[in-house]
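Colleague: This one is final.txt, compact mmCIF, C-alpha atoms.
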```
# COMPACT_ATOMS: atom_id res chain seq x y z
CA MET C 230 -3.27 3.78 7.58
CA LYS C 231 -5.37 1.01 6.14
CA GLY C 232 -4.53 -1.40 3.28
CA ALA C 233 -5.79 -4.04 0.82
CA ILE C 234 -4.34 -6.93 -1.24
CA MET C 235 -6.45 -9.25 -3.45
CA LYS C 236 -5.31 -12.43 -5.15
CA ASN C 237 -6.59 -12.87 -8.69
CA ASP C 238 -8.47 -16.09 -7.93
CA GLU C 239 -10.27 -14.41 -5.04
CA CYS C 240 -11.36 -11.31 -6.95
CA LYS C 241 -15.01 -10.52 -7.14
CA PRO C 242 -16.41 -9.33 -10.47
CA THR C 243 -15.83 -5.75 -9.37
CA CYS C 244 -12.08 -6.47 -9.24
CA GLU C 245 -12.17 -7.47 -12.92
CA GLU C 246 -14.10 -4.29 -13.66
CA MET C 247 -11.43 -2.30 -11.84
CA SER C 248 -8.65 -3.81 -13.96
CA SER C 249 -10.55 -3.14 -17.18
CA ASN C 250 -11.57 0.33 -16.02
CA PRO C 251 -8.46 2.16 -14.81
CA SER C 252 -10.40 5.40 -14.35
CA GLY C 253 -12.72 3.59 -11.89
CA TYR C 254 -9.74 2.30 -9.92
CA ARG C 255 -8.13 5.74 -10.00
CA ALA C 256 -11.30 7.41 -8.69
CA LEU C 257 -11.66 4.85 -5.89
CA PHE C 258 -8.00 5.30 -4.95
CA GLU C 259 -7.83 9.08 -5.27
CA ASN C 260 -11.12 9.93 -3.60
CA ASN C 261 -10.65 7.67 -0.60
CA HIS C 262 -10.25 9.45 2.74
CA ALA C 263 -8.04 6.64 4.07
CA ALA C 264 -4.31 7.04 3.45
CA MET C 265 -3.40 4.52 0.74
CA LEU C 266 0.00 3.51 -0.60
CA LEU C 267 0.49 1.19 -3.55
CA ILE C 268 3.65 -0.86 -2.94
CA ASP C 269 5.45 -3.04 -5.46
CA PRO C 270 5.94 -6.36 -3.59
CA VAL C 271 9.20 -7.16 -5.39
CA SER C 272 11.11 -3.87 -5.26
CA LEU C 273 9.15 -2.54 -2.25
CA ASP C 274 8.98 0.81 -4.04
CA ILE C 275 6.04 3.04 -3.22
CA VAL C 276 4.58 3.30 -6.71
CA ASP C 277 1.60 5.50 -5.87
CA ALA C 278 -0.03 7.34 -3.00
CA ASN C 279 -3.41 8.96 -2.73
CA ASN C 280 -3.96 12.51 -1.49
CA ALA C 281 -4.87 11.31 2.02
CA ALA C 282 -1.49 9.51 2.24
CA CYS C 283 0.36 12.60 1.03
CA ASP C 284 -1.39 14.66 3.71
CA PHE C 285 -0.71 12.02 6.37
CA TYR C 286 3.01 11.67 5.58
CA GLY C 287 3.63 15.32 4.68
CA TRP C 288 5.21 14.63 1.27
CA SER C 289 3.99 15.40 -2.22
CA ARG C 290 3.11 12.46 -4.48
CA GLU C 291 6.38 12.98 -6.34
CA GLU C 292 8.36 12.90 -3.08
CA ILE C 293 6.65 9.84 -1.61
CA THR C 294 6.86 7.81 -4.83
CA CYS C 295 10.67 8.27 -4.81
CA ARG C 296 10.74 6.22 -1.62
CA ARG C 297 10.56 2.57 -0.70
CA ILE C 298 8.56 1.17 2.19
CA PHE C 299 11.88 0.77 4.03
CA ASP C 300 12.21 4.57 4.02
CA ILE C 301 9.07 5.10 6.09
CA SER C 302 8.75 1.94 8.18
CA THR C 303 10.66 1.90 11.45
CA LEU C 304 10.75 -1.92 11.37
CA PRO C 305 14.10 -3.53 10.51
CA GLY C 306 14.33 -4.45 6.80
CA GLN C 307 13.89 -8.19 7.34
CA GLU C 308 10.72 -7.61 9.36
CA VAL C 309 9.28 -5.42 6.59
CA ILE C 310 10.01 -8.17 4.07
CA ALA C 311 8.41 -10.77 6.38
CA GLU C 312 5.25 -8.65 6.71
CA ILE C 313 5.03 -8.22 2.92
CA GLU C 314 5.46 -11.99 2.45
CA LYS C 315 2.68 -12.68 4.97
CA ALA C 316 0.43 -10.27 3.09
CA LYS C 317 1.28 -11.82 -0.30
CA ASN C 318 0.55 -15.31 1.03
CA ASP C 319 -2.71 -14.10 2.60
CA ASN C 320 -1.62 -15.24 6.07
CA GLN C 321 -1.96 -11.77 7.49
CA ALA C 322 -4.09 -8.91 6.29
CA HIS C 323 -3.56 -6.59 9.26
CA PHE C 324 -0.63 -5.58 11.43
CA LEU C 325 0.47 -2.67 13.57
CA SER C 326 3.53 -0.68 12.59
CA GLU C 327 5.23 2.65 13.08
CA HIS C 328 6.04 4.95 10.16
CA GLN C 329 8.22 8.00 9.95
CA ILE C 330 6.69 11.07 8.35
CA ALA C 331 8.26 14.06 6.56
CA ASP C 332 9.02 16.08 9.71
CA GLY C 333 10.97 13.15 11.18
CA SER C 334 8.39 12.21 13.80
CA THR C 335 6.79 8.78 13.88
CA ARG C 336 3.17 7.71 13.88
CA ASN C 337 1.60 4.41 14.85
CA VAL C 338 -0.32 2.95 11.94
CA ASP C 339 -2.77 0.11 11.45
CA VAL C 340 -1.80 -1.48 8.14
CA TYR C 341 -4.42 -3.46 6.25
CA THR C 342 -3.19 -5.25 3.15
CA ASN C 343 -4.72 -7.20 0.30
CA PRO C 344 -3.19 -8.28 -3.05
CA LEU C 345 -4.38 -6.32 -6.04
CA ILE C 346 -3.67 -7.36 -9.62
CA ILE C 347 -4.00 -4.63 -12.19
CA LYS C 348 -3.23 -5.64 -15.77
CA GLU C 349 -1.20 -8.68 -14.69
CA ASP C 350 0.97 -6.66 -12.27
CA PHE C 351 0.82 -7.61 -8.62
CA ASP C 352 0.98 -4.65 -6.23
CA ILE C 353 0.22 -4.32 -2.54
CA PRO C 354 -1.89 -1.36 -1.60
CA SER C 355 -1.65 -0.38 2.04
CA PHE C 356 -4.53 1.55 3.48
```
Output the structure of this file as structure tokens.
Modeller:
Amino acid sequence: MKGAIMKNDECKPTCEEMSSNPSGYRALFENNHAAMLLIDPVSLDIVDANNAACDFYGWSREEITCRRIFDISTLPGQEVIAEIEKAKNDNQAHFLSEHQIADGSTRNVDVYTNPLIIKEDFDIPSF
């Protein structure tokens, strides 16, 4: 799994275009072959997942978006929160983790994160 998080002050013009063009963001997200989860950094809810993530985890979009990152990460809760904080503060954009998938088995994942602000909301996509 790979991920991205962009801070508003670091966005390139294309980031502004993405926020003003939701269909462009949606196409980039949906058509990407990398598994991508969009995680709310406050609630840690999985708010969206692309098709590659659904295939990787073995859940439908409806099933995976009823979960929180705690439900799939095998890290203890405090470690998950620490990793999210590092990503939000831009101190760490990559880490290794282990996630549980629908059949109960686990997979090692490379998580790449970057803040993404869409219409003033701050979410953390993980690719």
Colleague: May I have the residues within 10 Å of Arg290 of chain C as a list in words, using all atoms listed in the file and disregarding those fewer than 5 positions away in the same chain?
Modeller: Ile275, Val276, Asp277, Ala278, Asn279, Asn280, Ala282, Cys283, Asp284 and Cys295 of chain C
Colleague: Deliver the residues from the most recent selection as a file, using C-alpha atoms, as an mmCIF file, in the frame of the given file.
Modeller:
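This is the output file selection-v2.cif:
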```cif
data_model
loop_
_atom_site.group_PDB
_atom_site.id
_atom_site.type_symbol
_atom_site.label_atom_id
_atom_site.label_comp_id
_atom_site.auth_asym_id
_atom_site.auth_seq_id
_atom_site.Cartn_x
_atom_site.Cartn_y
_atom_site.Cartn_z
ATOM 1 C CA ILE C 275 6.040 3.040 -3.220
ATOM 2 C CA VAL C 276 4.580 3.300 -6.710
ATOM 3 C CA ASP C 277 1.600 5.500 -5.870
ATOM 4 C CA ALA C 278 -0.030 7.340 -3.000
ATOM 5 C CA ASN C 279 -3.410 8.960 -2.730
ATOM 6 C CA ASN C 280 -3.960 12.510 -1.490
ATOM 7 C CA ALA C 282 -1.490 9.510 2.240
ATOM 8 C CA CYS C 283 0.360 12.600 1.030
ATOM 9 C CA ASP C 284 -1.390 14.660 3.710
ATOM 10 C CA CYS C 295 10.670 8.270 -4.810
#
```
Colleague: Using all atoms listed in the file, pick whichever of C:Tyr286, C:Ser272, C:Glu259, C:Ala281 has the shortest atom-to-atom distance to Asp332 of chain C.
Modeller: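 Of the candidates, the smallest distance to Asp332 of chain C is held by C:Tyr286.
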Colleague: Calculate how many Å separate atom CA of Ser289 of chain C from atom CA of Lys315 of chain C, rounding to one decimal.
Modeller: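 Taking atom CA of Ser289 of chain C as the start and atom CA of Lys315 of chain C as the end point, the length is 29.0 Å.
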Colleague: State, in Å with one decimal place, the distance from atom CA of Gly306 of chain C to atom CA of Leu273 of chain C.
Modeller: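 So the answer is 10.6 Å.
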Colleague: Tell me, in Å to one decimal, how far atom CA of Phe324 of chain C is from atom CA of Val340 of chain C.
Modeller: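 Separation of atom CA of Phe324 of chain C and atom CA of Val340 of chain C: 5.4 Å.
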Colleague: Which is closest to Gly287 of chain C among C:Val271, C:Ala331, C:Leu345, C:Ala263, if we use all atoms listed in the file?
Modeller: C:Ala331
Colleague: Determine, counting all atoms listed in the file, which protein, DNA and RNA residues have an atom within 7 Å of an atom of Val338 of chain C; residues of the same chain fewer than 6 positions away are not included. Present the result as a PDB file with C-alpha atoms, in the coordinates of the input.
Modeller:
```
ATOM      1  CA  MET C 230      -3.270   3.780   7.580  1.00  0.00           C
ATOM      2  CA  LEU C 325       0.470  -2.670  13.570  1.00  0.00           C
ATOM      3  CA  SER C 326       3.530  -0.680  12.590  1.00  0.00           C
ATOM      4  CA  GLU C 327       5.230   2.650  13.080  1.00  0.00           C
ATOM      5  CA  HIS C 328       6.040   4.950  10.160  1.00  0.00           C
TER       6      HIS C 328
END
```
Colleague: Of the candidates C:Asp269, C:Ile330, C:Lys317, C:Pro344, which one gets nearest to Glu292 of chain C if we count all atoms listed in the file?
Modeller: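 Of the candidates, the smallest distance to Glu292 of chain C is held by C:Ile330.
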Colleague: Which residue gives the smallest distance to Glu312 of chain C among C:Thr342, C:Phe285, C:Asp274, C:His262, with only C-alpha atoms counted?
Modeller: C:Thr342
Colleague: Between C:Ile298, C:Trp288, C:Ala311, C:Arg255, which is the closest to Gly333 of chain C once you count all atoms listed in the file?
Modeller: C:Trp288
Colleague: Which one is closest to Phe299 of chain C: C:Leu257, C:Ala316, C:Ala322, C:Ile268? Count all atoms listed in the file.
Modeller: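 Of all the options, C:Ile268 lies closest to Phe299 of chain C.
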